[in-house]
There are 4 protein chains.
Amino acid sequence: MTVELVKHSATDADVAAAARVSTLGGATRVKDASNQGLINYLVRDRHGSPFEHTSFTFYIEAPIFVAREFFRHRAGWSYNEESGRYRELQPVFYVPADGRPLRQVGKPAAYTFELGTYKQHMAVTGDIRRISQEAYSTYKRLLDLDVAREVARMVLPVNIYTSFYATCNARSLMHFLSLRTTSEYAKYPSFPQQEIEMVASRMEDDFILEMPLTWAAFAENGRVAP
Amino acid sequence: MTVELVKHSATDADVAAAARVSTLGGATRVKDASNQGLINYLVRDRHGSPFEHTSFTFYIEAPIFVAREFFRHRAGWSYNEESGRYRELQPVFYVPADGRPLRQVGKPAAYTFELGTYKQHMAVTGDIRRISQEAYSTYKRLLDLDVAREVARMVLPVNIYTSFYATCNARSLMHFLSLRTTSEYAKYPSFPQQEIEMVASRMEDDFILEMPLTWAAFAENGRVAP
Amino acid sequence: MTVELVKHSATDADVAAAARVSTLGGATRVKDASNQGLINYLVRDRHGSPFEHTSFTFYIEAPIFVAREFFRHRAGWSYNEESGRYRELQPVFYVPADGRPLRQVGKPAAYTFELGTYKQHMAVTGDIRRISQEAYSTYKRLLDLDVAREVARMVLPVNIYTSFYATCNARSLMHFLSLRTTSEYAKYPSFPQQEIEMVASRMEDDFILEMPLTWAAFAENGRVAP
Amino acid sequence: MTVELVKHSATDADVAAAARVSTLGGATRVKDASNQGLINYLVRDRHGSPFEHTSFTFYIEAPIFVAREFFRHRAGWSYNEESGRYRELQPVFYVPADGRPLRQVGKPAAYTFELGTYKQHMAVTGDIRRISQEAYSTYKRLLDLDVAREVARMVLPVNIYTSFYATCNARSLMHFLSLRTTSEYAKYPSFPQQEIEMVASRMEDDFILEMPLTWAAFAENGRVAP
């Protein structure tokens, strides 16, 4: 999968400046070491709006089943995605790697995963490759018959890759991370599918670099978005 | 496809009452024949907020490729969808009916469609049925091997049906209809895929019944959402 | 102040039905005693989207300084308000009642309030009445001189009443209540101004009546919106 | 009034790149002279989402009656404002300048304005100054009596200045400009109060500089936001 931070306008100082307008007005713009305490307070007591004056634009390549979960995040997110109607999709399919746990144990919303047997791994990777190839061959055959792309694509499985731009702010990003990553320090349980967590983790890496104080406050306060 | 209006709280009088609070305050609640002129004025001059004090909840069954387009509508929409992680998906697949145009002519954003030859129809319906069956058999085989649903479903094509609740207001519904239906009276061109237009048309039928004055104003003003 | 639930489409069963579509699909619509456990789980583990398939429309009369705080709630809220440009505002002003605490002690975001002395009460109510009357007389005088309402209203203080419709869903309502009411059971501290809490409390009364299971889950889980 | 573009991440090339992902996927990133035609097409046919991958943060000082209209823009906007509860407000009040039209002629939603007589100007500026001073003296007197700021501020008129940060994207900015500015080239009529148009015009100056192709497409297509 590909996760690239295309551009951003997002610093811890942006958050602090926006927060201070409420108590100081705009005349005084304090940008100093005291940002850390302020930002931790904002996250802890759930004052979310100062985090919205920031912007991250990611370019992402991921399978359709990941994109479908991703696009359910609406508030504070903007999207533009590759279209199966307007372009011919490329034969790039997601196949689980060796270490991908395959067995799910327990009840919904309380699953744990286990690695799976060798037989399961063979079946999964073999079947996914086979269906992907058959589906793509059929797709190409229909295109060769001059069938519209929007019709031919109906045979393609949800593990085919798509690509999209996603723009968010630090508040909507933290909300996304709280639901799409797991952590033993999280106050609320989350059960993301491993594949979207792979995307989310790469996004979190960029978040840590650009807004270290905000990320630290998020991590230290149970990974609850303010 | 299934489109069912599960519940709603949406009348033309709701719109008129909300609009009149700006000029009359709340004390006077006029509910009379003059609603028609008021509502037409609101749509024509694009005063959209009075239309937001209404609510429609639909239950929809449609293929994944339709749901993916549907969920791109964010502002004023709420969704809950069947999960391929939490339940075993049923073997219901979309196959284009006889009259579905199959050939696309022209450039992106200016397509027209033609019916397609008999050979194309045979290829499309045959291939879609075949891949759907193969994919579903493989899905079931992986489940029988105790592979997690979230992994096994990766082989399923985007024409498998999903089900979801979608809640919107009259303003977000008109915006959806302006993009996902076609009409010779539309001021702006739209090029929806036929399958989402089938869903949108059924939703428009319910809209006409519940809010006839609002629908008429929408139709008479070029199908531009206020 | 006036808070009237004008209309609504909101039951606990709506939430349960929307939540169950993810695990059961739409075919099975369970509406039974088990809703309570499901709804409590949704609130506790912060699954908010099922609560969005509900709608409450309130008609509210409150001073401008309350409306200003109210309208900061954006996600899931729609508004239409009386206009000082399009109608002549009425001489109705908010004056604190006898029991309104007047002294604030402590630091921002950690205020406590004390009742205030007799002298303070006399000064506050006397001054507010005096300025309100002078401002309104001036407003009327300017209108009599044929000055535009939008100019004349510049002299009016923020304690003059305005009226508006506000539509929300159960999720956005819980978020509002978590910030605009106080409770010893709240997990996160909130410091609403007393006047907006008066409005919020009346809204909560309606919420309790219409969605008792959802409200109970909200109350028992630290008044944190899912 | 003060309007300062504090920071931004917004270019015409951002829009073009986001739009092209739908037809080209992400692999090919074309950034050339052809952006102009593409952007004009996007505005003309109302494809709004590519414009959302941009961000503008403004710092604004304006009277409360302007801020109240401003904050009604919700979709794609984020705000943080100076608080009358947490800080002592400064004695800065808006008084209409000599050229401000004072008489409104015609019906709601079709007003025209005329300059007003000398007598009207004297009354307006005199009364506004007088009430502003009296209200502020009263405010200070109540603060000196140790009355809480949130109570004392109730006497202050809506022409007192407030300050706030506002963050938006190019799409929400165009929507704002379409409603809060006037132009003989506008396809839809708008009747903004002159004071918010002063703010909007300054914001439009920044928009022109940063995104000249997008602004030109907006201007040439009737100032309708895509």
# chains A, B, ... in the order shown; residues from 1 in each chain; ligands from 1
$ closest_atom_pairs --of "chain B" --to "chain D" --cutoff "8 Å" --atoms "only C-alpha atoms" --output "CSV"
residue,atom,partner,partner_atom,distance
B:Asp45,CA,D:Tyr188,CA,6.2
B:Arg46,CA,D:Tyr188,CA,7.7
B:Ala75,CA,D:Ala75,CA,7.4
B:Tyr188,CA,D:Asp45,CA,6.2
B:Pro189,CA,D:Asp45,CA,6.8
$ residues_around --residues "segment 121-125 of chain A" --least-positions-apart "5" --cutoff "7 Å" --atoms "only C-alpha atoms" --output "JSON, numbers by chain"
{"A": [95, 96, 116], "B": [142]}
$ select_by_dssp --residues "segment 116-218 of chain A" --states "strand (DSSP E or B)" --output "list in words"
Pro157, Ile160, Tyr161, Thr162, Ser163, Phe164, Tyr165, Ala166, Thr167 and Cys168 of chain A
$ residues_around --residues "Phe207 of chain C" --least-positions-apart "4" --cutoff "10 Å" --atoms "only C-alpha atoms" --output "list of chain:residue names"
C:Leu5, C:Ala10, C:Thr11, C:Phe56, C:Ala170, C:Leu173, C:Met174, C:Ser201, C:Arg202, C:Met203, C:Met211, C:Pro212, C:Thr214, C:Trp215
$ write_last_selection --atoms "C-alpha atoms" --output "mmCIF file, in the first residue's frame"
data_model
loop_
_atom_site.group_PDB
_atom_site.id
_atom_site.type_symbol
_atom_site.label_atom_id
_atom_site.label_comp_id
_atom_site.auth_asym_id
_atom_site.auth_seq_id
_atom_site.Cartn_x
_atom_site.Cartn_y
_atom_site.Cartn_z
ATOM 1 C CA LEU C 5 -39.895 20.358 20.679
ATOM 2 C CA ALA C 10 -36.517 9.623 17.082
ATOM 3 C CA THR C 11 -36.916 6.390 19.018
ATOM 4 C CA PHE C 56 -35.348 16.535 16.632
ATOM 5 C CA ALA C 170 -29.484 12.120 18.848
ATOM 6 C CA LEU C 173 -27.754 16.354 20.734
ATOM 7 C CA MET C 174 -25.700 14.229 23.137
ATOM 8 C CA SER C 201 -31.734 21.138 30.319
ATOM 9 C CA ARG C 202 -35.126 21.665 28.719
ATOM 10 C CA MET C 203 -33.879 19.933 25.591
ATOM 11 C CA MET C 211 -35.345 8.084 23.770
ATOM 12 C CA PRO C 212 -35.215 6.759 27.343
ATOM 13 C CA THR C 214 -30.385 6.121 24.747
ATOM 14 C CA TRP C 215 -30.530 8.771 27.424
#
$ residues_around --residues "Asn159 of chain D" --least-positions-apart "4" --cutoff "6 Å" --atoms "only C-alpha atoms" --output "list in words"
Met154 of chain C; Pro63, Ile64, Phe93 and Tyr94 of chain D
$ select_by_dssp --residues "segment 22-193 of chain B" --states "alpha helix (DSSP H)" --output "PyMOL selection string"
chain B and resi 22-24+35-44+64-70+118-144+149-152+170-180
$ closest_residue --among "A:Ala17, A:Ala216, A:Ile160, A:Leu209" --to "Gln90 of chain A" --atoms "only C-alpha atoms"
A:Ile160
$ residues_around --residues "Arg171 of chain B" --least-positions-apart "3" --cutoff "7 Å" --atoms "only C-alpha atoms" --output "VMD selection string"
chain B and resid 48 51 to 52 174 to 175 225 to 226
$ write_last_selection --atoms "N, CA, C and O atoms" --output "PDB file, in the first residue's frame"
ATOM      1  N   GLY B  48     -30.957  27.600   1.122  1.00  0.00           N
ATOM      2  CA  GLY B  48     -31.092  26.168   1.361  1.00  0.00           C
ATOM      3  C   GLY B  48     -31.423  25.777   2.799  1.00  0.00           C
ATOM      4  O   GLY B  48     -31.996  24.714   3.035  1.00  0.00           O
ATOM      5  N   PHE B  51     -34.655  24.006   4.246  1.00  0.00           N
ATOM      6  CA  PHE B  51     -34.966  22.643   3.823  1.00  0.00           C
ATOM      7  C   PHE B  51     -34.288  21.589   4.708  1.00  0.00           C
ATOM      8  O   PHE B  51     -34.548  20.400   4.574  1.00  0.00           O
ATOM      9  N   GLU B  52     -33.411  22.046   5.601  1.00  0.00           N
ATOM     10  CA  GLU B  52     -32.672  21.094   6.441  1.00  0.00           C
ATOM     11  C   GLU B  52     -33.460  20.616   7.663  1.00  0.00           C
ATOM     12  O   GLU B  52     -33.032  19.687   8.336  1.00  0.00           O
ATOM     13  N   MET B 174     -31.996  16.708  -2.349  1.00  0.00           N
ATOM     14  CA  MET B 174     -32.037  17.397  -3.652  1.00  0.00           C
ATOM     15  C   MET B 174     -30.648  17.450  -4.281  1.00  0.00           C
ATOM     16  O   MET B 174     -30.499  17.303  -5.491  1.00  0.00           O
ATOM     17  N   HIS B 175     -29.625  17.670  -3.461  1.00  0.00           N
ATOM     18  CA  HIS B 175     -28.264  17.671  -3.992  1.00  0.00           C
ATOM     19  C   HIS B 175     -27.923  16.315  -4.598  1.00  0.00           C
ATOM     20  O   HIS B 175     -27.382  16.235  -5.718  1.00  0.00           O
ATOM     21  N   ALA B 225     -30.081  22.043  -6.497  1.00  0.00           N
ATOM     22  CA  ALA B 225     -30.388  22.048  -5.062  1.00  0.00           C
ATOM     23  C   ALA B 225     -30.114  23.427  -4.482  1.00  0.00           C
ATOM     24  O   ALA B 225     -29.093  24.040  -4.807  1.00  0.00           O
ATOM     25  N   PRO B 226     -31.023  23.949  -3.636  1.00  0.00           N
ATOM     26  CA  PRO B 226     -30.801  25.270  -3.050  1.00  0.00           C
ATOM     27  C   PRO B 226     -29.715  25.210  -1.974  1.00  0.00           C
ATOM     28  O   PRO B 226     -29.377  24.127  -1.518  1.00  0.00           O
TER      29      PRO B 226
END
$ closest_residue --among "D:Asn40, D:Glu197, D:Ser55, D:Ala166" --to "His8 of chain A" --atoms "only C-alpha atoms"
D:Ser55
$ residues_around --residues "Tyr111 of chain C" --least-positions-apart "2" --cutoff "12 Å" --atoms "only C-alpha atoms" --output "list of chain:residue names"
C:Pro101, C:Leu102, C:Arg103, C:Gln104, C:Val105, C:Gly106, C:Lys107, C:Pro108, C:Ala109, C:Phe113, C:Glu114, C:Pro189, C:Ser190, C:Phe191, C:Pro192, C:Gln193, D:Arg85, D:Tyr86, D:Ala148, D:Arg149, D:Glu150
$ decode --residues "segment 35-62 of chain D" --atoms "N, CA and C atoms" --output "short mmCIF file (atom, residue, chain, number, x, y, z; two decimals), in the first residue's frame"
data_model
loop_
_atom_site.label_atom_id
_atom_site.label_comp_id
_atom_site.auth_asym_id
_atom_site.auth_seq_id
_atom_site.Cartn_x
_atom_site.Cartn_y
_atom_site.Cartn_z
N ASN D 35 -4.16 23.24 -16.79
CA ASN D 35 -4.98 23.36 -15.59
C ASN D 35 -6.15 24.32 -15.78
N GLN D 36 -5.93 25.38 -16.55
CA GLN D 36 -6.96 26.41 -16.70
C GLN D 36 -8.26 25.83 -17.25
N GLY D 37 -8.16 25.07 -18.33
CA GLY D 37 -9.36 24.49 -18.92
C GLY D 37 -10.03 23.51 -17.98
N LEU D 38 -9.22 22.70 -17.31
CA LEU D 38 -9.77 21.71 -16.39
C LEU D 38 -10.53 22.41 -15.26
N ILE D 39 -9.91 23.43 -14.67
CA ILE D 39 -10.53 24.11 -13.53
C ILE D 39 -11.81 24.82 -13.96
N ASN D 40 -11.78 25.41 -15.14
CA ASN D 40 -13.01 26.06 -15.60
C ASN D 40 -14.14 25.05 -15.79
N TYR D 41 -13.79 23.89 -16.32
CA TYR D 41 -14.78 22.84 -16.49
C TYR D 41 -15.35 22.39 -15.14
N LEU D 42 -14.48 22.23 -14.14
CA LEU D 42 -14.93 21.78 -12.82
C LEU D 42 -15.92 22.76 -12.20
N VAL D 43 -15.61 24.05 -12.32
CA VAL D 43 -16.52 25.07 -11.75
C VAL D 43 -17.82 25.10 -12.55
N ARG D 44 -17.70 25.10 -13.86
CA ARG D 44 -18.88 25.25 -14.72
C ARG D 44 -19.89 24.12 -14.51
N ASP D 45 -19.37 22.90 -14.44
CA ASP D 45 -20.27 21.75 -14.30
C ASP D 45 -20.45 21.32 -12.86
N ARG D 46 -19.96 22.14 -11.93
CA ARG D 46 -20.22 21.96 -10.51
C ARG D 46 -19.66 20.66 -9.94
N HIS D 47 -18.39 20.40 -10.25
CA HIS D 47 -17.68 19.32 -9.59
C HIS D 47 -16.87 19.94 -8.45
N GLY D 48 -17.41 19.93 -7.26
CA GLY D 48 -16.82 20.72 -6.19
C GLY D 48 -15.72 20.04 -5.39
N SER D 49 -15.71 18.72 -5.31
CA SER D 49 -14.82 18.08 -4.35
C SER D 49 -13.33 18.36 -4.59
N PRO D 50 -12.84 18.49 -5.83
CA PRO D 50 -11.39 18.76 -5.96
C PRO D 50 -10.94 20.07 -5.30
N PHE D 51 -11.86 21.00 -5.10
CA PHE D 51 -11.50 22.28 -4.50
C PHE D 51 -11.33 22.18 -2.97
N GLU D 52 -11.71 21.03 -2.42
CA GLU D 52 -11.65 20.89 -0.96
C GLU D 52 -10.26 20.52 -0.45
N HIS D 53 -9.33 20.18 -1.33
CA HIS D 53 -7.99 19.80 -0.88
C HIS D 53 -7.09 21.02 -0.75
N THR D 54 -7.64 22.06 -0.19
CA THR D 54 -6.94 23.33 -0.01
C THR D 54 -7.35 23.89 1.34
N SER D 55 -6.57 24.80 1.87
CA SER D 55 -6.85 25.31 3.20
C SER D 55 -6.40 26.76 3.34
N PHE D 56 -7.30 27.60 3.86
CA PHE D 56 -7.00 29.00 4.16
C PHE D 56 -7.35 29.26 5.63
N THR D 57 -6.44 29.88 6.37
CA THR D 57 -6.75 30.30 7.74
C THR D 57 -6.67 31.82 7.83
N PHE D 58 -7.80 32.44 8.15
CA PHE D 58 -7.87 33.89 8.30
C PHE D 58 -7.98 34.27 9.77
N TYR D 59 -7.36 35.41 10.13
CA TYR D 59 -7.61 36.04 11.42
C TYR D 59 -8.43 37.29 11.15
N ILE D 60 -9.56 37.43 11.84
CA ILE D 60 -10.52 38.48 11.52
C ILE D 60 -10.94 39.23 12.78
N GLU D 61 -11.01 40.55 12.67
CA GLU D 61 -11.62 41.38 13.72
C GLU D 61 -12.81 42.08 13.11
N ALA D 62 -13.98 41.87 13.70
CA ALA D 62 -15.22 42.42 13.13
C ALA D 62 -16.24 42.54 14.25
#
